[in-house]
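Asks: Got a structure for you, written out below as structure tokens; questions coming shortly.
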Number of protein chains: 2
Amino acid sequence: MKLAVLATGNIANKVTQTLVQIKELECYAVASRELSKAQQFKERFGFKKAYGSYEEMVCDPEVELVYITSPHSHHFEHMKLCIEHGKNVICEKAFTVNAAQAREIKSLAQEHKVFVTEAIWTRYMPSRSIINKVLSDGLIGDVKAITANLCYNVCHRNRVSNPTLAGGALLDVGVYCINFALMHLGSDIREIHSTWQKIDTGVDGMNTISIQYNDGRLANLTSAITAKSDRQGIVYGTKGYMVITNINNPSLIRVFDYDDKLIKSVEVPPQISGYEYEFIESVKAIGEGRIESWSMPLTDSIEVMTIMDQIRAQWGLRYPME
Amino acid sequence: MKLAVLATGNIANKVTQTLVQIKELECYAVASRELSKAQQFKERFGFKKAYGSYEEMVCDPEVELVYITSPHSHHFEHMKLCIEHGKNVICEKAFTVNAAQAREIKSLAQEHKVFVTEAIWTRYMPSRSIINKVLSDGLIGDVKAITANLCYNVCHRNRVSNPTLAGGALLDVGVYCINFALMHLGSDIREIHSTWQKIDTGVDGMNTISIQYNDGRLANLTSAITAKSDRQGIVYGTKGYMVITNINNPSLIRVFDYDDKLIKSVEVPPQISGYEYEFIESVKAIGEGRIESWSMPLTDSIEVMTIMDQIRAQWGLRYPME
């Protein structure tokens with residue numbers, strides 16, 4: 001399947017190192033607002049075409065799937081452009097700036113009958129089934145709560161702290177914590193409580209999010225762009241607990257019994273980088289004529305954006321483009 | 001120093017195994033509401049006197065220090081009894097049912113010039129100075145946030161889930177999480193947000209507590225009596241993070257750099273059980289004529305109770321005796 005990469009920043013460079021190794025994909029075109037950047041990227045990774053505008057790229061009839069890597073602030077506009085030109089889309093997280101945009105993308109995708117999915121890699125990874133197996137085997141008993149954290153000290157990077165790019169800890173890293181909660185506890189939510197630390201640029205440098213479910217279960221999440229955390233996700237059960245090393249790319253799943261004794265330890269299977277799964281699944285789904293992925297249906301992307309809208313409303317944090 | 005143990009339940013039995021090994025103490029008297037229980041306890045641990053009422057015990061002029069192990073609900077009444085009889089007191093956590101009681105205990109202690117302290121063992125342990133050294137050495141940079149959890153599945157025990165005994169996760173185990181936050185970030189608090197899961201008895205089976213400090217730092221805490229957690233406390237800094245194994249009795253302090261590489265690992269020194277430190281410090285403080293301990297001044301006990309009052313007010317959880 002012929003792939004085009006839209007925007008050539010840090011994440012595009014990182015992920016494309018994996019894309020060139022995926023046999024299901026042909027790294028066909030790359031587009032940047034600056035032709036020279038597109039050409040550099042094309043040369044670096046051996047793409048066939050380089051475009052100096054996104055509009056030119058989506059007019060290329062050979063492009064079958066566009067991978068959108070622009071900042072959060074521009075995802076809506078770029079997805080819309082691709083969808084209206086009949087291109088299938090895999091778009092980086094956070095999916096959009098808010099839920100209204102996400103809902104509109106879903107409508108557009110249905111209208112134009114193109115595949116659209118969010119590239120939140122943790123949803124597509126084999127760790128999902130390893131974790132689900134531990135839970136369904138009852139190794140930790142009934143799940144009552146989860147905690148997860150993802151903090152990096154990266155607020156000096158413009159993309160993550162600039163409000164005009166929809167920056168802040170919530171949309172940049174908190175999105176993984178929220179996905180971790182939803183993957184384990186679902187979305188039958190009663191209440192959300194949150195706190196934040198506002199940094200100079202006006203966005204959240206850190207936040208805490210507590211999600212209370214209607215069945216009484218709790219998720220307690222911490223994310224930041226101003227500190228480093230251990231990145232663990234922990235699932236607490238009545239008989240023991242499960243520790244997931246690095247919720248941003250699980251490498252190890254350990255299960256402890258009530259006496260804190262390690263009773264199971266599973267390393268995730270060897271992988272290129274972890275980015276491959278979202279692309280392989282997208283190619284398969286498109287091949288089957290689907291317009292959504294199995295692992296991250298658009299309803300779930302909308303749900304995550306709705307939660308983030310609710311949290312930002314609690315804080316009074318609105319982005320300039322809203 | 002001649003010690004009396006007030007009440008002979010589970011914690012009294014557990015801690016007394018350590019008390020008999022402390023050279024600074026003489027295990028002198030034990031009191032229970034049932035004489036037979038006091039006598040059994042006396043025989044088991046080799047005490048000199050057994051009393052069938054607390055009133056008789058506090059009238060024994062030889063008793064110098066009373067260790068109160070009754071349920072939370074009765075701490076106030078029992079501390080008052082001891083203080084008014086001129087006895088020094090070390091009282092189990094939670095210190096009282098609420099802050100009003102804690103403030104009254106402080107006044108009474110000052111009035112009667114007796115030593116009173118809360119037996120929250122984590123405050124007195126050598127792990128305190130190990131942790132403080134890591135932080136002052138700057139190994140993890142500036143501290144921005146902490147997370148901590150303490151969850152056990154113990155709600156079948158009457159003492160921990162009965163509202164008439166001031167049960168619930170908050171007073172029983174959450175108190176350690178709150179102390180963990182205050183020990184690292186102090187008490188200059190702007191706001192507290194919390195969620196809870198109410199269990200059949202009417203108390204909290206689980207809770208999440210987010211503390212927002214005036215300097216922007218955050219503490220995110222999770223506690224439960226309905227599930228098992230990994231009991232870790234983690235301090236997030238700008239350059240790395242510190243992981244404390246078991247916030248309810250730290251055994252290992254590990255420091256990781258920004259790349260998650262272990263750069264320091266300190267096991268806490270060998271100890272009897274960890275209970276010894278609060279008693280050794282109390283004996284020393286009393287010997288110096290002090291009426292408060294260095295590690296857990298009454299202001300801090302009042303602060304912890306004030307925070308727990310505020311949290312329970314958010315939930316609408318009042319105990320029958322309030």
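Here, A, B, ... name the chains of the structure tokens in the order displayed, residue numbers run from 1 inside each chain, and ligands are numbered from 1 in the same displayed order.
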Provide as a VMD selection string the residues of chain A at most 7 Å from chain B, counting only C-alpha atoms.
Replies: chain A and resid 144 153 193 195 197 208 210 212 216 220 226 to 230 236 to 241 258
Asks: Give me every strand (DSSP E) residue in region 32-176 of chain B, going by DSSP on the backbone, as a VMD selection string.
Replies: chain B and resid 49 to 51 65 to 68 88 to 92 116 to 119 143 to 151
Asks: I need the residue nearest Lys113 (chain A) from this list: A:Gln271, A:Asn88, A:Ser129, A:Ser265. Use only C-alpha atoms for the distance.
Replies: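 Among A:Gln271, A:Asn88, A:Ser129, A:Ser265, it is A:Asn88 that comes nearest to Lys113 (chain A).
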Asks: Report, in Å with one decimal, the straight-line distance from CA of Tyr51 (chain A) to CA of Ala38 (chain A).
Replies: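 For CA of Tyr51 (chain A) relative to CA of Ala38 (chain A), the distance reads 6.2 Å.
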Asks: Pick out the closest residue to Ile291 (chain B) from this set: B:Pro126, B:Gly86, B:Pro320, B:Gly174. Count only C-alpha atoms.
Replies: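 Checking each of B:Pro126, B:Gly86, B:Pro320, B:Gly174 against Ile291 (chain B), counting only C-alpha atoms, the winner is B:Gly86.
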